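Q: Contents are compact mmCIF, C-alpha atoms and all ligand atoms; file name run_15.txt:
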```
# COMPACT_ATOMS: atom_id res chain seq x y z
CA MET R 1 69.43 138.36 76.58
CA THR R 2 71.97 136.31 74.66
CA SER R 3 74.46 138.50 72.85
CA SER R 4 73.73 138.70 69.15
CA LYS R 5 75.38 139.96 65.98
CA PRO R 6 74.01 140.47 62.45
CA SER R 7 74.09 137.33 60.30
CA ALA R 8 74.57 137.18 56.56
CA GLY R 9 70.81 136.89 56.06
CA GLY R 10 70.06 140.02 58.07
CA ALA R 11 68.60 138.31 61.15
CA PRO R 12 70.70 138.57 64.30
CA SER R 13 72.66 135.34 64.82
CA VAL R 14 73.18 133.70 68.18
CA GLY R 15 75.58 131.12 69.47
CA GLY R 16 75.50 127.61 68.02
CA GLY R 17 74.77 128.72 64.45
CA ALA R 18 71.13 129.73 65.09
CA ALA R 19 69.59 132.94 63.77
CA ARG R 20 67.16 134.86 65.93
CA THR R 21 63.89 136.12 64.44
CA VAL R 22 60.18 136.59 65.20
CA CYS R 23 57.40 134.15 64.30
CA PRO R 24 55.65 135.17 61.04
CA TYR R 25 52.22 133.88 62.00
CA CYS R 26 49.91 135.33 64.64
CA GLY R 27 50.23 138.67 66.42
CA VAL R 28 51.54 137.24 69.70
CA GLY R 29 55.03 137.83 68.33
CA CYS R 30 57.03 134.90 69.72
CA GLY R 31 60.80 134.88 69.35
CA LEU R 32 62.33 132.01 67.37
CA LEU R 33 65.74 130.48 66.79
CA LEU R 34 66.31 129.21 63.25
CA ARG R 35 68.93 126.64 62.30
CA THR R 36 70.16 126.27 58.76
CA GLU R 37 72.40 123.89 56.82
CA HIS R 38 73.79 124.84 53.43
CA ALA R 39 71.48 127.90 53.35
CA ARG R 40 68.38 125.75 53.94
CA LEU R 41 66.15 126.09 56.99
CA THR R 42 66.35 122.84 58.94
CA ALA R 43 64.87 123.49 62.39
CA VAL R 44 62.94 126.07 64.39
CA GLN R 45 62.64 126.37 68.14
CA GLY R 46 61.38 128.94 70.61
CA ASP R 47 63.90 131.51 71.79
CA PRO R 48 64.37 130.94 75.53
CA ASP R 49 65.61 134.51 75.97
CA TYR R 50 62.65 136.16 74.25
CA PRO R 51 60.35 137.85 76.81
CA VAL R 52 57.08 137.03 75.02
CA ASN R 53 57.31 133.25 74.82
CA ARG R 54 60.39 132.35 76.90
CA GLY R 55 61.24 129.41 74.64
CA ARG R 56 57.73 128.15 74.01
CA THR R 57 56.01 127.96 70.62
CA CYS R 58 52.80 126.52 69.28
CA ARG R 59 52.95 124.06 66.34
CA LYS R 60 52.77 126.59 63.55
CA PRO R 61 56.38 127.83 63.35
CA LEU R 62 57.74 124.32 63.98
CA GLU R 63 56.38 123.34 60.55
CA LEU R 64 58.22 126.17 58.79
CA PRO R 65 61.10 124.02 57.38
CA PRO R 66 58.84 121.76 55.28
CA ALA R 67 56.60 124.73 54.37
CA VAL R 68 59.53 126.88 53.22
CA HIS R 69 60.92 124.02 51.12
CA ALA R 70 57.61 122.66 49.80
CA ARG R 71 57.90 121.61 46.17
CA ASP R 72 54.78 123.53 45.15
CA ARG R 73 55.81 126.75 46.85
CA ALA R 74 55.48 129.77 44.55
CA THR R 75 59.03 130.91 43.82
CA HIS R 76 58.53 132.52 40.40
CA PRO R 77 55.98 135.03 39.09
CA LEU R 78 53.00 133.49 37.32
CA LEU R 79 51.20 135.35 34.55
CA ARG R 80 48.17 134.78 32.37
CA ASP R 81 46.76 137.02 29.70
CA ARG R 82 43.13 135.96 30.14
CA HIS R 83 41.07 134.46 32.95
CA ASP R 84 40.29 131.32 30.95
CA VAL R 85 43.90 130.21 30.39
CA ARG R 86 46.39 128.61 32.76
CA PHE R 87 49.12 130.59 34.45
CA ARG R 88 52.60 130.40 32.93
CA THR R 89 55.92 131.02 34.65
CA ALA R 90 57.32 134.45 33.87
CA SER R 91 60.53 136.31 34.59
CA TRP R 92 60.52 139.06 37.21
CA ASP R 93 61.20 141.63 34.47
CA ASP R 94 58.24 140.37 32.47
CA ALA R 95 55.95 140.32 35.53
CA MET R 96 56.93 143.81 36.68
CA ALA R 97 56.57 145.30 33.21
CA THR R 98 53.14 143.67 32.79
CA ALA R 99 51.90 144.91 36.18
CA ALA R 100 53.19 148.42 35.47
CA ALA R 101 51.58 148.53 32.02
CA ARG R 102 48.21 147.32 33.32
CA LEU R 103 48.20 149.78 36.22
CA ARG R 104 49.16 152.55 33.78
CA ARG R 105 46.26 151.60 31.52
CA VAL R 106 43.74 151.70 34.40
CA VAL R 107 44.99 155.14 35.49
CA ASP R 108 44.90 156.47 31.92
CA ASP R 109 41.42 155.10 31.21
CA HIS R 110 39.69 155.69 34.56
CA GLY R 111 41.92 157.85 36.76
CA PRO R 112 43.93 156.89 39.87
CA GLU R 113 40.82 156.49 42.05
CA ALA R 114 39.98 153.39 40.04
CA ILE R 115 42.87 151.59 41.77
CA ALA R 116 42.76 150.25 45.32
CA PHE R 117 45.24 148.19 47.32
CA TYR R 118 44.12 145.79 50.02
CA ILE R 119 47.36 144.60 51.56
CA SER R 120 48.35 141.85 53.94
CA GLY R 121 48.48 142.12 57.69
CA GLN R 122 51.75 140.15 57.59
CA LEU R 123 53.77 142.93 55.95
CA LEU R 124 56.65 144.61 57.74
CA THR R 125 56.89 148.36 58.28
CA GLU R 126 59.19 148.75 55.28
CA ASP R 127 56.74 146.82 53.09
CA TYR R 128 53.88 149.13 54.12
CA TYR R 129 56.06 152.11 53.28
CA ALA R 130 56.84 150.74 49.81
CA VAL R 131 53.17 150.01 49.01
CA ASN R 132 52.05 153.44 50.23
CA LYS R 133 54.81 155.09 48.22
CA LEU R 134 53.65 153.27 45.10
CA ALA R 135 49.95 154.04 45.66
CA LYS R 136 50.09 157.58 46.96
CA GLY R 137 53.41 158.81 45.61
CA PHE R 138 53.36 157.32 42.11
CA LEU R 139 49.82 156.26 41.20
CA GLY R 140 48.09 159.09 43.07
CA THR R 141 45.42 157.15 44.93
CA ASN R 142 44.64 157.14 48.65
CA ASN R 143 42.85 153.82 48.30
CA VAL R 144 45.16 151.75 50.50
CA ASP R 145 43.88 149.61 53.33
CA SER R 146 45.29 146.62 55.10
CA ASN R 147 44.03 143.61 56.90
CA SER R 148 46.01 144.81 59.92
CA ARG R 149 43.50 147.63 60.28
CA LEU R 150 40.29 145.99 59.16
CA CYS R 151 40.63 142.83 61.22
CA MET R 152 41.07 144.98 64.36
CA SER R 153 38.55 147.71 63.58
CA SER R 154 35.73 146.41 65.78
CA ALA R 155 38.17 145.61 68.61
CA VAL R 156 39.74 149.06 68.35
CA ALA R 157 36.31 150.70 68.52
CA GLY R 158 35.71 148.70 71.71
CA TYR R 159 39.11 149.67 73.17
CA VAL R 160 38.49 153.35 72.53
CA GLY R 161 34.99 153.22 73.99
CA ALA R 162 35.98 151.22 77.06
CA PHE R 163 39.54 152.35 77.81
CA GLY R 164 40.15 155.49 75.74
CA SER R 165 43.04 153.79 73.96
CA ASP R 166 43.15 152.50 70.39
CA GLY R 167 45.47 149.63 71.33
CA PRO R 168 45.36 146.90 73.96
CA PRO R 169 46.12 148.80 77.16
CA PRO R 170 47.80 145.98 79.15
CA SER R 171 51.09 144.25 78.43
CA TYR R 172 52.02 140.57 78.59
CA ALA R 173 53.86 141.28 81.85
CA ASP R 174 50.50 142.24 83.42
CA LEU R 175 49.38 138.62 83.01
CA ASP R 176 52.03 137.55 85.50
CA VAL R 177 50.54 139.70 88.27
CA ALA R 178 46.81 139.63 87.38
CA ASP R 179 44.38 138.21 89.94
CA CYS R 180 41.37 138.01 87.60
CA ILE R 181 41.08 137.98 83.81
CA LEU R 182 37.83 138.36 81.86
CA LEU R 183 38.11 136.92 78.35
CA LEU R 184 35.54 138.49 76.05
CA GLY R 185 34.87 137.27 72.53
CA THR R 186 38.13 135.37 72.29
CA ASN R 187 39.22 131.78 72.11
CA THR R 188 42.70 132.51 73.39
CA ALA R 189 43.61 128.84 73.73
CA ALA R 190 43.17 128.24 69.99
CA CYS R 191 44.06 131.62 68.53
CA HIS R 192 46.91 132.85 70.74
CA PRO R 193 48.23 129.71 72.42
CA ILE R 194 51.35 131.21 73.94
CA VAL R 195 49.34 133.94 75.65
CA TRP R 196 47.05 131.17 76.85
CA ALA R 197 50.07 129.27 78.20
CA ARG R 198 51.00 132.33 80.22
CA ILE R 199 47.43 132.57 81.54
CA ARG R 200 47.61 128.87 82.48
CA ASP R 201 50.85 129.53 84.37
CA ARG R 202 49.11 132.26 86.32
CA GLN R 203 46.04 130.08 86.85
CA ALA R 204 48.30 127.57 88.58
CA GLU R 205 49.18 130.37 90.99
CA GLY R 206 45.52 131.12 91.73
CA LEU R 207 44.36 133.42 88.92
CA THR R 208 40.61 133.49 88.28
CA SER R 209 39.63 133.68 84.61
CA SER R 210 36.16 133.91 83.20
CA ALA R 211 35.10 133.48 79.57
CA PRO R 212 31.56 134.57 78.69
CA THR R 213 30.74 132.77 75.45
CA PRO R 214 27.79 132.56 73.07
CA GLY R 215 28.40 128.79 72.95
CA GLY R 216 29.97 126.45 70.43
CA PRO R 217 33.01 124.19 70.75
CA LEU R 218 35.69 126.89 70.51
CA ARG R 219 35.90 128.20 74.03
CA PRO R 220 38.89 128.06 76.35
CA ARG R 221 38.04 124.92 78.30
CA ALA R 222 40.41 125.74 81.12
CA ALA R 223 38.81 129.06 82.01
CA THR R 224 37.94 129.04 85.68
CA SER R 225 34.36 129.76 84.73
CA THR R 226 32.32 130.23 81.59
CA CYS R 227 28.92 131.85 81.29
CA ARG R 228 26.71 131.84 78.23
CA SER R 229 25.24 135.01 76.91
CA ALA R 230 21.57 134.89 76.01
CA PRO R 231 20.29 136.35 72.75
CA ALA R 232 18.90 139.84 73.12
CA PRO R 233 15.09 139.85 73.44
CA THR R 234 13.33 140.74 70.20
CA SER R 235 11.59 144.06 70.35
CA ARG R 236 7.86 144.12 69.75
CA SER R 237 6.28 146.85 67.73
S1 LIG U 1 51.47 131.82 69.33
FE1 LIG U 1 52.28 130.41 67.76
S2 LIG U 1 51.74 131.37 65.77
FE2 LIG U 1 51.53 132.95 67.37
S3 LIG U 1 53.51 134.02 67.36
FE3 LIG U 1 53.62 132.42 68.96
S4 LIG U 1 54.51 130.63 67.95
FE4 LIG U 1 53.82 132.06 66.31
```
Transcribe the structure of this file into structure tokens.
Ligand code: SF4

A:
Amino acid sequence: MTSSKPSAGGAPSVGGGAARTVCPYCGVGCGLLLRTEHARLTAVQGDPDYPVNRGRTCRKPLELPPAVHARDRATHPLLRDRHDVRFRTASWDDAMATAAARLRRVVDDHGPEAIAFYISGQLLTEDYYAVNKLAKGFLGTNNVDSNSRLCMSSAVAGYVGAFGSDGPPPSYADLDVADCILLLGTNTAACHPIVWARIRDRQAEGLTSSAPTPGGPLRPRAATSTCRSAPAPTSRS
């Protein structure tokens, strides 16, 4: 790994003025190098020393500079007093006080169980801690769920049933030594392109991959084989 030291922005910096971080999009977790000029993000590239992607990226993080600096990006709180009026720009103090007062009113009128948080799967560990502290520690409700859990719930049930583990049992390094991969219910090429690139590398070395699919255009076209699953026969009474 390249030696790194903390930068002013908190991300470890590397040689040549780049800051090292992790892609904010899908769960593959690719390492990125960010370049800035005058505190503005100017370029993003894959981190060649990062073990997940080894310098590769898909298109998504490469478009971060224009996305971060888009003119219509939300950079201030927006508030409205009724649903039929337009949002207005508000100060952070105003927005926080309004949110606190409205949450207080719900708790006073209906109790803490009337409040629920459905939070993003993109949050960091510290963010989850802060939300849970607010909900459970201050408001007194256990109604906190996140997309991180719900979007994986059916997969986790499958993992537990099939492998006895509530997380994916293999690691990326296993791809480099696998002889056969069975892709079930996934379009890895579209959804996790860097994992797919690693599978393609291994395919070039002789890996067999198979992708049973119910059909449709979104299947990994470079799977060694695909087989369609037939609908289950309807039961007769
Ligand atoms: S596959 Fe693409 S979107 Fe996902 S982490 Fe890697 S670079 Fe980001």

Q: Can you tell me which residues come within 10 Å of ligand LIG 1 (chain U) when counting all atoms listed in the file, ideally as a PyMOL selection string?

A: chain R and resi 22-32+45-46+52-53+55-62+188-197

Q: Output the selection as an mmCIF file, in the coordinates of the input - C-alpha atoms for each residue.

A:
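The file below, result.cif, is the result:
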```
data_model
loop_
_atom_site.group_PDB
_atom_site.id
_atom_site.type_symbol
_atom_site.label_atom_id
_atom_site.label_comp_id
_atom_site.auth_asym_id
_atom_site.auth_seq_id
_atom_site.Cartn_x
_atom_site.Cartn_y
_atom_site.Cartn_z
ATOM 1 C CA VAL R 22 60.180 136.590 65.200
ATOM 2 C CA CYS R 23 57.400 134.150 64.300
ATOM 3 C CA PRO R 24 55.650 135.170 61.040
ATOM 4 C CA TYR R 25 52.220 133.880 62.000
ATOM 5 C CA CYS R 26 49.910 135.330 64.640
ATOM 6 C CA GLY R 27 50.230 138.670 66.420
ATOM 7 C CA VAL R 28 51.540 137.240 69.700
ATOM 8 C CA GLY R 29 55.030 137.830 68.330
ATOM 9 C CA CYS R 30 57.030 134.900 69.720
ATOM 10 C CA GLY R 31 60.800 134.880 69.350
ATOM 11 C CA LEU R 32 62.330 132.010 67.370
ATOM 12 C CA GLN R 45 62.640 126.370 68.140
ATOM 13 C CA GLY R 46 61.380 128.940 70.610
ATOM 14 C CA VAL R 52 57.080 137.030 75.020
ATOM 15 C CA ASN R 53 57.310 133.250 74.820
ATOM 16 C CA GLY R 55 61.240 129.410 74.640
ATOM 17 C CA ARG R 56 57.730 128.150 74.010
ATOM 18 C CA THR R 57 56.010 127.960 70.620
ATOM 19 C CA CYS R 58 52.800 126.520 69.280
ATOM 20 C CA ARG R 59 52.950 124.060 66.340
ATOM 21 C CA LYS R 60 52.770 126.590 63.550
ATOM 22 C CA PRO R 61 56.380 127.830 63.350
ATOM 23 C CA LEU R 62 57.740 124.320 63.980
ATOM 24 C CA THR R 188 42.700 132.510 73.390
ATOM 25 C CA ALA R 189 43.610 128.840 73.730
ATOM 26 C CA ALA R 190 43.170 128.240 69.990
ATOM 27 C CA CYS R 191 44.060 131.620 68.530
ATOM 28 C CA HIS R 192 46.910 132.850 70.740
ATOM 29 C CA PRO R 193 48.230 129.710 72.420
ATOM 30 C CA ILE R 194 51.350 131.210 73.940
ATOM 31 C CA VAL R 195 49.340 133.940 75.650
ATOM 32 C CA TRP R 196 47.050 131.170 76.850
ATOM 33 C CA ALA R 197 50.070 129.270 78.200
#
```

Q: May I ask which of the residues R:Gly121, R:Val160, R:Asp127, R:Pro169 is the closest one to Asp145 of chain R, counting all atoms listed in the file?

A: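 Residue with the minimum atom-to-atom distance to Asp145 of chain R: R:Gly121.
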
Q: Rounded to one decimal, what separation in Å do you get between atom CA of Gly17 of chain R and atom CA of Thr36 of chain R?

A: 7.7 Å

Q: Rank R:Ile119, R:Val156, R:Ala211, R:Ile199 by their smallest atom-to-atom distance to Ala173 of chain R, using all atoms listed in the file, and report the top residue only.

A: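 Answer, going by the shortest atom-to-atom distance: R:Ile199.
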
Q: Take atom CA of Phe117 of chain R and atom CA of Leu79 of chain R and report the distance between them in Å, one decimal.

A: 19.1 Å

Q: Compile the contact shell of segment 86-103 of chain R as a list in words: residues with an atom at most 9 Å away, counting all atoms listed in the file, same-chain residues fewer than 5 positions apart removed.

A: His76, Pro77, Leu78, Leu79, Arg80, Asp81, Asp108, Ile115 and Leu139 of chain R

Q: Take the residues from that selection and write them out as an mmCIF file, in the coordinates of the input, keeping C-alpha atoms.

A:
```
data_model
loop_
_atom_site.group_PDB
_atom_site.id
_atom_site.type_symbol
_atom_site.label_atom_id
_atom_site.label_comp_id
_atom_site.auth_asym_id
_atom_site.auth_seq_id
_atom_site.Cartn_x
_atom_site.Cartn_y
_atom_site.Cartn_z
ATOM 1 C CA HIS R 76 58.530 132.520 40.400
ATOM 2 C CA PRO R 77 55.980 135.030 39.090
ATOM 3 C CA LEU R 78 53.000 133.490 37.320
ATOM 4 C CA LEU R 79 51.200 135.350 34.550
ATOM 5 C CA ARG R 80 48.170 134.780 32.370
ATOM 6 C CA ASP R 81 46.760 137.020 29.700
ATOM 7 C CA ASP R 108 44.900 156.470 31.920
ATOM 8 C CA ILE R 115 42.870 151.590 41.770
ATOM 9 C CA LEU R 139 49.820 156.260 41.200
#
```

Q: Choose the residue, out of R:Ala39, R:Val131, R:Val85, R:Val44, that has the smallest atom-to-atom separation from Ala67 of chain R; count all atoms listed in the file.

A: R:Val44

Q: Would you list the residues near (49.9, 159.0, 42.1), meaning any protein, DNA or RNA residue with an atom at most 12 Å from that point in file coordinates, counting only C-alpha atoms, as a ChimeraX atom specification?

A: /R:103-104,107-108,111-116,131-143

Q: Which is closer to Arg202 of chain R than all the others in R:Leu175, R:Leu183, R:Ala155, R:Ala18, using all atoms listed in the file?

A: R:Leu175

Q: Hey, can you check how far atom CA of Arg54 of chain R sits from atom CA of Leu207 of chain R?

A: 20.1 Å

Q: From the structure block, carefully write segment 182-197 of chain R out with N, CA and C atoms; format it as a short mmCIF file (atom, residue, chain, number, x, y, z; two decimals), in the first residue's frame.

A:
```cif
data_model
loop_
_atom_site.label_atom_id
_atom_site.label_comp_id
_atom_site.auth_asym_id
_atom_site.auth_seq_id
_atom_site.Cartn_x
_atom_site.Cartn_y
_atom_site.Cartn_z
N LEU R 182 -21.59 -19.88 -9.69
CA LEU R 182 -23.01 -19.91 -10.03
C LEU R 182 -23.61 -18.59 -9.59
N LEU R 183 -24.10 -17.80 -10.54
CA LEU R 183 -24.68 -16.49 -10.25
C LEU R 183 -26.20 -16.65 -10.18
N LEU R 184 -26.76 -16.42 -9.01
CA LEU R 184 -28.20 -16.63 -8.82
C LEU R 184 -28.89 -15.30 -8.54
N GLY R 185 -29.84 -14.95 -9.35
CA GLY R 185 -30.66 -13.77 -9.09
C GLY R 185 -29.87 -12.49 -9.10
N THR R 186 -28.82 -12.41 -9.87
CA THR R 186 -28.00 -11.20 -9.89
C THR R 186 -27.62 -10.85 -11.31
N ASN R 187 -27.60 -9.58 -11.60
CA ASN R 187 -26.99 -9.11 -12.83
C ASN R 187 -25.70 -8.40 -12.44
N THR R 188 -24.70 -9.18 -12.14
CA THR R 188 -23.45 -8.64 -11.60
C THR R 188 -22.82 -7.64 -12.56
N ALA R 189 -22.94 -7.89 -13.85
CA ALA R 189 -22.29 -7.00 -14.82
C ALA R 189 -22.82 -5.57 -14.71
N ALA R 190 -24.13 -5.43 -14.47
CA ALA R 190 -24.72 -4.10 -14.40
C ALA R 190 -24.67 -3.52 -13.00
N CYS R 191 -24.85 -4.38 -11.99
CA CYS R 191 -25.02 -3.86 -10.63
C CYS R 191 -23.72 -3.76 -9.85
N HIS R 192 -22.77 -4.63 -10.12
CA HIS R 192 -21.50 -4.62 -9.39
C HIS R 192 -20.37 -4.82 -10.40
N PRO R 193 -20.16 -3.81 -11.24
CA PRO R 193 -19.28 -4.01 -12.41
C PRO R 193 -17.84 -4.36 -12.06
N ILE R 194 -17.35 -3.91 -10.94
CA ILE R 194 -15.95 -4.21 -10.63
C ILE R 194 -15.80 -5.67 -10.18
N VAL R 195 -16.80 -6.18 -9.48
CA VAL R 195 -16.79 -7.62 -9.17
C VAL R 195 -16.86 -8.41 -10.47
N TRP R 196 -17.71 -7.91 -11.40
CA TRP R 196 -17.83 -8.60 -12.69
C TRP R 196 -16.50 -8.56 -13.45
N ALA R 197 -15.77 -7.46 -13.34
CA ALA R 197 -14.48 -7.38 -14.01
C ALA R 197 -13.51 -8.43 -13.45
#
```
